[in-house]
file structure34.tsv (TSV, C-alpha atoms)
chain	number	residue	atom	x	y	z
U	135	MET	CA	7.02	1.31	7.70
U	136	PRO	CA	9.23	0.01	10.59
U	137	ALA	CA	9.82	-3.24	8.70
U	138	SER	CA	10.90	-1.32	5.58
U	139	LEU	CA	13.35	0.77	7.59
U	140	SER	CA	14.79	-2.33	9.22
U	141	LEU	CA	15.21	-4.02	5.85
U	142	ALA	CA	17.02	-0.97	4.49
U	143	ALA	CA	19.28	-0.83	7.55
U	144	SER	CA	20.13	-4.50	7.18
U	145	GLU	CA	20.99	-4.10	3.49
U	146	GLN	CA	23.04	-0.94	3.92
U	147	GLY	CA	24.82	-1.91	7.13
U	148	GLY	CA	25.24	-5.62	6.58
U	149	ASP	CA	23.84	-6.40	10.04
U	150	GLY	CA	21.44	-9.31	9.89
U	151	LYS	CA	19.76	-8.38	13.16
U	152	TYR	CA	17.81	-5.66	11.39
U	153	LEU	CA	16.38	-8.20	8.97
U	154	ASP	CA	15.38	-10.30	11.97
U	155	ILE	CA	13.61	-7.27	13.46
U	156	ALA	CA	11.81	-6.64	10.16
U	157	VAL	CA	10.66	-10.25	9.97
U	158	GLU	CA	9.38	-10.27	13.54
U	159	HIS	CA	7.57	-6.98	12.94
U	160	ALA	CA	5.97	-8.45	9.80
U	161	LYS	CA	4.91	-11.57	11.70
U	162	THR	CA	3.23	-9.45	14.36
U	163	ALA	CA	1.49	-7.31	11.74
U	164	GLN	CA	0.38	-10.48	9.98
U	165	LYS	CA	-1.28	-11.71	13.16
U	166	VAL	CA	-3.21	-8.57	14.05
U	167	PHE	CA	-3.95	-6.57	10.91
U	168	PRO	CA	-5.61	-8.75	8.23
U	169	ARG	CA	-9.27	-9.46	8.84
U	170	GLU	CA	-10.98	-12.58	7.54
U	171	ASP	CA	-12.07	-10.78	4.37
U	172	GLY	CA	-8.59	-9.36	3.66
U	173	SER	CA	-9.30	-5.81	4.82
U	174	THR	CA	-7.13	-4.09	7.44
U	175	PRO	CA	-7.59	-1.39	10.08
U	176	ASP	CA	-5.55	1.80	10.00
U	177	VAL	CA	-3.65	0.97	13.20
U	178	PHE	CA	-3.50	-1.75	15.82
U	179	ASP	CA	-2.63	-0.68	19.36
U	180	PHE	CA	-0.62	-2.47	22.03
U	181	ASP	CA	-0.12	-1.54	25.66
U	182	PRO	CA	3.34	0.11	25.62
U	183	ALA	CA	4.21	-1.23	29.08
U	184	SER	CA	3.07	-4.83	28.85
U	185	GLY	CA	2.84	-5.40	25.10
U	186	THR	CA	-0.71	-6.70	25.54
U	187	PRO	CA	-2.83	-6.21	22.42
U	188	ILE	CA	-5.47	-3.49	22.81
U	189	GLY	CA	-7.11	-3.70	19.41
U	190	PRO	CA	-7.67	-1.90	16.13
U	191	GLY	CA	-7.87	1.89	16.00
U	192	THR	CA	-7.61	4.67	13.51
U	193	VAL	CA	-6.04	8.07	12.90
U	194	GLN	CA	-6.48	8.61	9.18
U	195	GLY	CA	-9.20	6.06	8.47
U	196	TYR	CA	-12.94	6.42	8.97
U	197	SER	CA	-13.19	4.11	12.00
U	198	PRO	CA	-11.44	1.17	13.70
U	199	THR	CA	-13.64	-1.19	11.69
U	200	SER	CA	-13.16	0.51	8.31
U	201	CYS	CA	-10.38	0.05	5.74
U	202	TRP	CA	-8.15	3.05	5.03
U	203	SER	CA	-7.10	2.57	1.42
U	204	ARG	CA	-3.54	3.89	1.69
U	205	GLY	CA	-2.83	1.62	4.65
U	206	GLN	CA	-4.23	-1.33	2.72
U	207	ALA	CA	-1.95	-0.48	-0.20
U	208	TRP	CA	1.14	-0.24	1.99
U	209	GLY	CA	0.25	-3.57	3.56
U	210	LEU	CA	0.04	-5.21	0.13
U	211	TYR	CA	3.34	-3.65	-0.91
U	212	GLY	CA	5.08	-4.47	2.37
U	213	PHE	CA	4.06	-8.12	2.65
U	214	THR	CA	5.18	-8.71	-0.94
U	215	THR	CA	8.53	-7.11	-0.12
U	216	ILE	CA	9.07	-9.17	3.03
U	217	TYR	CA	8.18	-12.32	1.08
U	218	ARG	CA	10.95	-11.50	-1.39
U	219	ARG	CA	13.48	-11.17	1.44
U	220	THR	CA	12.50	-14.33	3.28
U	221	GLY	CA	10.81	-16.73	0.87
U	222	ASN	CA	8.15	-17.23	3.56
U	223	ARG	CA	5.05	-18.12	1.60
U	224	GLN	CA	2.78	-17.13	4.47
U	225	PHE	CA	3.82	-13.53	3.79
U	226	LEU	CA	2.98	-14.06	0.13
U	227	ALA	CA	-0.44	-15.45	1.06
U	228	THR	CA	-1.10	-12.38	3.20
U	229	ALA	CA	-0.06	-10.06	0.38
U	230	ARG	CA	-2.48	-11.82	-1.95
U	231	LYS	CA	-5.29	-11.66	0.61
U	232	LEU	CA	-4.85	-7.89	1.00
U	233	ALA	CA	-4.52	-7.46	-2.77
U	234	ASP	CA	-7.68	-9.40	-3.53
U	235	PHE	CA	-9.72	-7.29	-1.12
U	236	ALA	CA	-8.36	-4.01	-2.53
U	237	VAL	CA	-8.90	-5.07	-6.14
U	238	GLU	CA	-12.49	-6.06	-5.39
U	239	ALA	CA	-13.07	-2.73	-3.61
U	240	LEU	CA	-11.92	-0.60	-6.56
U	241	THR	CA	-14.57	1.43	-8.32
U	242	ALA	CA	-14.94	1.51	-12.08
U	243	ASP	CA	-12.63	4.54	-12.39
U	244	HIS	CA	-9.77	2.58	-10.76
U	245	VAL	CA	-8.86	5.37	-8.33
U	246	PRO	CA	-9.34	4.26	-4.70
U	247	VAL	CA	-11.60	6.19	-2.37
U	248	TRP	CA	-9.79	7.36	0.78
U	249	ASP	CA	-11.45	4.64	2.87
U	250	TYR	CA	-13.11	1.58	1.36
U	251	ARG	CA	-15.75	1.51	4.11
U	252	ALA	CA	-16.50	5.20	4.54
U	253	PRO	CA	-20.29	5.83	4.47
U	254	GLN	CA	-20.26	7.70	1.15
U	255	GLN	CA	-18.08	5.27	-0.75
U	256	PRO	CA	-17.90	4.49	-3.64
U	257	HIS	CA	-18.75	8.14	-4.32
U	258	ASP	CA	-16.40	9.61	-1.74
U	259	ILE	CA	-13.18	11.62	-1.91
U	260	LYS	CA	-10.38	9.86	-3.75
U	261	ASP	CA	-6.80	9.14	-2.72
U	262	ALA	CA	-4.52	8.89	-5.74
U	263	SER	CA	-1.56	8.07	-3.50
U	264	ALA	CA	-3.30	4.87	-2.41
U	265	GLY	CA	-3.74	3.95	-6.06
U	266	ALA	CA	-0.09	4.58	-6.90
U	267	ILE	CA	1.17	2.48	-3.98
U	268	MET	CA	-1.34	-0.25	-4.78
U	269	ALA	CA	-0.26	-0.35	-8.43
U	270	CYS	CA	3.39	-0.88	-7.47
U	271	GLY	CA	2.45	-3.57	-4.98
U	272	LEU	CA	0.33	-5.36	-7.58
U	273	LEU	CA	3.12	-5.22	-10.16
U	274	ASP	CA	5.54	-6.76	-7.67
U	275	LEU	CA	2.98	-9.33	-6.58
U	276	SER	CA	2.38	-10.26	-10.21
U	277	ALA	CA	6.10	-10.79	-10.70
U	278	ALA	CA	6.32	-12.86	-7.51
U	279	THR	CA	3.32	-15.08	-8.30
U	280	GLY	CA	3.17	-15.06	-12.10
U	281	ARG	CA	-0.49	-14.01	-11.92
U	282	GLN	CA	-1.06	-11.58	-14.77
U	283	GLU	CA	-4.41	-10.38	-13.44
U	284	TYR	CA	-2.59	-8.38	-10.77
U	285	ARG	CA	-0.48	-6.71	-13.43
U	286	ALA	CA	-3.56	-5.93	-15.51
U	287	VAL	CA	-5.23	-4.12	-12.60
U	288	ALA	CA	-2.02	-2.23	-11.84
U	289	LEU	CA	-1.86	-0.98	-15.43
U	290	ARG	CA	-5.47	0.17	-15.26
U	291	ILE	CA	-4.74	2.07	-12.04
U	292	LEU	CA	-1.66	3.79	-13.49
U	293	THR	CA	-3.61	4.70	-16.60
U	294	ALA	CA	-6.45	6.12	-14.49
U	295	LEU	CA	-4.03	8.20	-12.44
U	296	ALA	CA	-2.46	9.59	-15.62
U	297	HIS	CA	-5.84	10.51	-17.08
U	298	THR	CA	-7.63	11.90	-14.01
U	299	CYS	CA	-5.22	12.63	-11.16
U	300	LEU	CA	-2.37	14.76	-12.52
U	301	MET	CA	-1.86	18.41	-11.72
U	302	ASP	CA	-3.72	19.62	-14.80
U	303	GLN	CA	-6.87	18.05	-13.33
U	304	SER	CA	-6.78	20.04	-10.09
U	305	SER	CA	-6.50	23.67	-9.05
U	306	ARG	CA	-5.04	22.59	-5.69
U	307	ALA	CA	-2.10	20.53	-6.95
U	308	GLU	CA	1.40	21.51	-5.83
U	309	ALA	CA	3.18	18.58	-7.44
U	310	VAL	CA	2.65	16.15	-10.32
U	311	VAL	CA	-0.03	13.94	-8.76
U	312	ALA	CA	-3.17	15.57	-7.37
U	313	ARG	CA	-6.40	14.21	-5.85
U	314	CYS	CA	-4.65	12.82	-2.78
U	315	THR	CA	-6.12	12.76	0.71
U	316	ARG	CA	-3.83	13.04	3.72
U	317	ASN	CA	-6.19	12.88	6.70
U	318	ARG	CA	-9.89	13.01	5.87
U	319	PRO	CA	-11.26	12.77	9.45
U	320	ALA	CA	-9.21	15.81	10.49
U	321	GLU	CA	-10.10	17.66	7.27
U	322	ASP	CA	-6.34	17.95	6.76
U	323	GLY	CA	-5.22	17.73	3.17
U	324	ILE	CA	-8.21	16.97	0.96
U	325	GLU	CA	-7.65	16.66	-2.81
U	326	ILE	CA	-4.02	17.80	-2.55
U	327	SER	CA	-0.56	16.64	-3.61
U	328	LEU	CA	1.57	14.40	-1.39
U	329	PRO	CA	5.32	13.64	-1.82
U	330	TYR	CA	5.00	9.87	-1.98
U	331	ALA	CA	2.17	10.20	-4.47
U	332	ASP	CA	4.77	11.46	-6.96
U	333	TYR	CA	7.28	8.74	-6.11
U	334	TYR	CA	5.16	5.63	-6.57
U	335	PRO	CA	3.87	6.37	-10.10
U	336	LEU	CA	7.50	6.76	-11.18
U	337	GLU	CA	8.33	3.44	-9.58
U	338	GLY	CA	5.34	1.89	-11.33
U	339	ILE	CA	6.38	3.27	-14.71
U	340	LEU	CA	9.89	1.90	-14.18
U	341	ARG	CA	8.49	-1.51	-13.29
U	342	VAL	CA	6.41	-1.54	-16.49
U	343	LEU	CA	8.68	0.11	-19.06
U	344	GLN	CA	12.18	-0.74	-17.80
U	345	PRO	CA	11.85	-3.85	-15.63
U	346	GLN	CA	15.49	-4.72	-16.27
U	347	ASP	CA	16.47	-1.58	-14.33
U	348	VAL	CA	14.11	-2.01	-11.40
U	349	ASP	CA	16.55	-3.92	-9.21
U	350	ARG	CA	19.09	-1.09	-9.44
U	351	ALA	CA	16.50	1.42	-8.22
U	352	ILE	CA	14.48	-0.79	-5.87
U	353	ASP	CA	16.19	-3.76	-4.27
U	354	LEU	CA	14.19	-6.83	-5.29
U	355	SER	CA	16.45	-9.29	-3.55
U	356	THR	CA	15.07	-12.74	-3.03
U	357	VAL	CA	16.36	-15.59	-0.93
call {"tool": "encode", "arguments": {"input": "structure34.tsv", "output": "structure tokens"}}
result
Amino acid sequence: MPASLSLAASEQGGDGKYLDIAVEHAKTAQKVFPREDGSTPDVFDFDPASGTPIGPGTVQGYSPTSCWSRGQAWGLYGFTTIYRRTGNRQFLATARKLADFAVEALTADHVPVWDYRAPQQPHDIKDASAGAIMACGLLDLSAATGRQEYRAVALRILTALAHTCLMDQSSRAEAVVARCTRNRPAEDGIEISLPYADYYPLEGILRVLQPQDVDRAIDLSTV
């Protein structure tokens, strides 16, 4: 999220230092978040005084060693975005590593569970917001790499969300997309609607049906 804000500030304000901040943030995240298998922890802590790494932790995931699906999706989306801005192929490789893990972890219904390593997965509570973010990241990654298999999975996710995760499928929905999970460990927001869960399916639909208009809505600048 900090890298995305810095990118936006750089684009809107014309100050290149914010892009530099975003790149350095992405490099740090690249060092500490991806595990060997492509999974990621929810958070990674540093000592605020010294900057010394403390290690992985969690707030919304199951444990420091698990893989919170929404965080994994944002990582995939974010590393693809930073690759577009920099042309740094190491960022692209990281995006692909995160994508490959998430794709492999999907269940047959193509709606992610809230945490890919929670004890009851793959039969656990779903998080449609993770699926929507993941679909957009995969569509962008497909465009960046030319690999159509990423696009195919993204289309299956969007189709699954449309068939099983809209408000007519839930009595608890307060917006278009239901079956989202905000914070499972705290029992805060289970099978509900979330604001960004409505945004990302619209972005995904735009990427699929009107790709010529995507750059006007979502800056896809490349170096």
call {"tool": "residues_around", "arguments": {"input": "structure34.tsv", "residues": "Lys165 (chain U)", "least_positions_apart": "6", "cutoff": "12 Å", "atoms": "only C-alpha atoms", "output": "list of chain:residue names"}}
result
U:Glu158, U:His159, U:Thr174, U:Phe178, U:Pro187, U:Gly189, U:Gln224, U:Phe225, U:Thr228
call {"tool": "closest_residue", "arguments": {"input": "structure34.tsv", "among": "U:Gln254, U:Asp234, U:Leu240, U:Asp322", "to": "Glu283 (chain U)", "atoms": "all atoms listed in the file"}}
result
U:Asp234
call {"tool": "closest_residue", "arguments": {"input": "structure34.tsv", "among": "U:Ala309, U:Ala264, U:Leu354, U:Leu289", "to": "Trp248 (chain U)", "atoms": "only C-alpha atoms"}}
result
U:Ala264
call {"tool": "closest_residue", "arguments": {"input": "structure34.tsv", "among": "U:Ser304, U:Thr214, U:Thr298, U:Thr162", "to": "Gly185 (chain U)", "atoms": "only C-alpha atoms"}}
result
U:Thr162
call {"tool": "closest_residue", "arguments": {"input": "structure34.tsv", "among": "U:Asp171, U:Glu308, U:Asp274, U:Asp261", "to": "Ser327 (chain U)", "atoms": "only C-alpha atoms"}}
result
U:Glu308
call {"tool": "residues_around", "arguments": {"input": "structure34.tsv", "residues": "Tyr250 (chain U)", "least_positions_apart": "3", "cutoff": "8 Å", "atoms": "only C-alpha atoms", "output": "MDAnalysis selection string"}}
result
chainID U and resid 200:203 239 246:247 255:256
call {"tool": "closest_residue", "arguments": {"input": "structure34.tsv", "among": "U:Ala286, U:Ile326, U:Ala252, U:Leu153", "to": "Gln303 (chain U)", "atoms": "all atoms listed in the file"}}
result
U:Ile326
call {"tool": "closest_residue", "arguments": {"input": "structure34.tsv", "among": "U:Ala307, U:Cys314, U:Cys270, U:Leu292", "to": "Tyr334 (chain U)", "atoms": "all atoms listed in the file"}}
result
U:Cys270
call {"tool": "atom_distance", "arguments": {"input": "structure34.tsv", "atom1": "CA of Gln206 (chain U)", "atom2": "CA of Thr220 (chain U)"}}
result
21.2 Å
call {"tool": "atom_distance", "arguments": {"input": "structure34.tsv", "atom1": "CA of Ala312 (chain U)", "atom2": "CA of Pro345 (chain U)"}}
result
25.9 Å
call {"tool": "decode", "arguments": {"input": "structure34.tsv", "residues": "region 227-243 of chain U", "atoms": "N, CA, C and O atoms", "output": "short mmCIF file (atom, residue, chain, number, x, y, z; two decimals), in the first residue's frame"}}
result
data_model
loop_
_atom_site.label_atom_id
_atom_site.label_comp_id
_atom_site.auth_asym_id
_atom_site.auth_seq_id
_atom_site.Cartn_x
_atom_site.Cartn_y
_atom_site.Cartn_z
N ALA U 227 9.56 -11.12 -11.82
CA ALA U 227 9.78 -12.50 -11.35
C ALA U 227 9.09 -12.73 -10.01
O ALA U 227 8.51 -13.80 -9.77
N THR U 228 9.13 -11.73 -9.14
CA THR U 228 8.46 -11.85 -7.85
C THR U 228 6.95 -11.93 -8.02
O THR U 228 6.28 -12.74 -7.37
N ALA U 229 6.42 -11.09 -8.90
CA ALA U 229 4.98 -11.13 -9.18
C ALA U 229 4.57 -12.51 -9.67
O ALA U 229 3.54 -13.06 -9.23
N ARG U 230 5.34 -13.09 -10.54
CA ARG U 230 5.03 -14.42 -11.07
C ARG U 230 5.13 -15.48 -9.97
O ARG U 230 4.31 -16.41 -9.92
N LYS U 231 6.10 -15.36 -9.10
CA LYS U 231 6.27 -16.32 -8.01
C LYS U 231 5.05 -16.30 -7.09
O LYS U 231 4.51 -17.36 -6.72
N LEU U 232 4.58 -15.10 -6.74
CA LEU U 232 3.40 -14.97 -5.89
C LEU U 232 2.15 -15.47 -6.62
O LEU U 232 1.29 -16.12 -6.03
N ALA U 233 2.07 -15.16 -7.91
CA ALA U 233 0.91 -15.59 -8.70
C ALA U 233 0.85 -17.10 -8.80
O ALA U 233 -0.23 -17.70 -8.64
N ASP U 234 1.98 -17.74 -9.05
CA ASP U 234 1.99 -19.19 -9.21
C ASP U 234 1.56 -19.89 -7.93
O ASP U 234 0.83 -20.89 -7.97
N PHE U 235 2.00 -19.37 -6.78
CA PHE U 235 1.56 -19.98 -5.52
C PHE U 235 0.05 -19.84 -5.35
O PHE U 235 -0.65 -20.79 -5.00
N ALA U 236 -0.47 -18.62 -5.58
CA ALA U 236 -1.89 -18.36 -5.37
C ALA U 236 -2.76 -19.18 -6.32
O ALA U 236 -3.81 -19.69 -5.93
N VAL U 237 -2.34 -19.29 -7.57
CA VAL U 237 -3.10 -20.08 -8.54
C VAL U 237 -3.15 -21.54 -8.10
O VAL U 237 -4.20 -22.20 -8.15
N GLU U 238 -2.02 -22.06 -7.66
CA GLU U 238 -1.96 -23.46 -7.22
C GLU U 238 -2.82 -23.68 -5.97
O GLU U 238 -3.36 -24.77 -5.77
N ALA U 239 -2.96 -22.65 -5.14
CA ALA U 239 -3.70 -22.78 -3.89
C ALA U 239 -5.21 -22.65 -4.08
O ALA U 239 -5.97 -22.96 -3.15
N LEU U 240 -5.66 -22.19 -5.23
CA LEU U 240 -7.10 -22.03 -5.46
C LEU U 240 -7.81 -23.38 -5.39
O LEU U 240 -7.29 -24.39 -5.84
N THR U 241 -9.01 -23.35 -4.84
CA THR U 241 -9.84 -24.55 -4.84
C THR U 241 -10.64 -24.61 -6.15
O THR U 241 -10.61 -23.68 -6.96
N ALA U 242 -11.36 -25.68 -6.33
CA ALA U 242 -12.06 -25.89 -7.60
C ALA U 242 -13.11 -24.83 -7.88
O ALA U 242 -13.45 -24.58 -9.05
N ASP U 243 -13.63 -24.18 -6.83
CA ASP U 243 -14.66 -23.15 -7.06
C ASP U 243 -14.07 -21.79 -7.43
O ASP U 243 -14.79 -20.85 -7.74
#
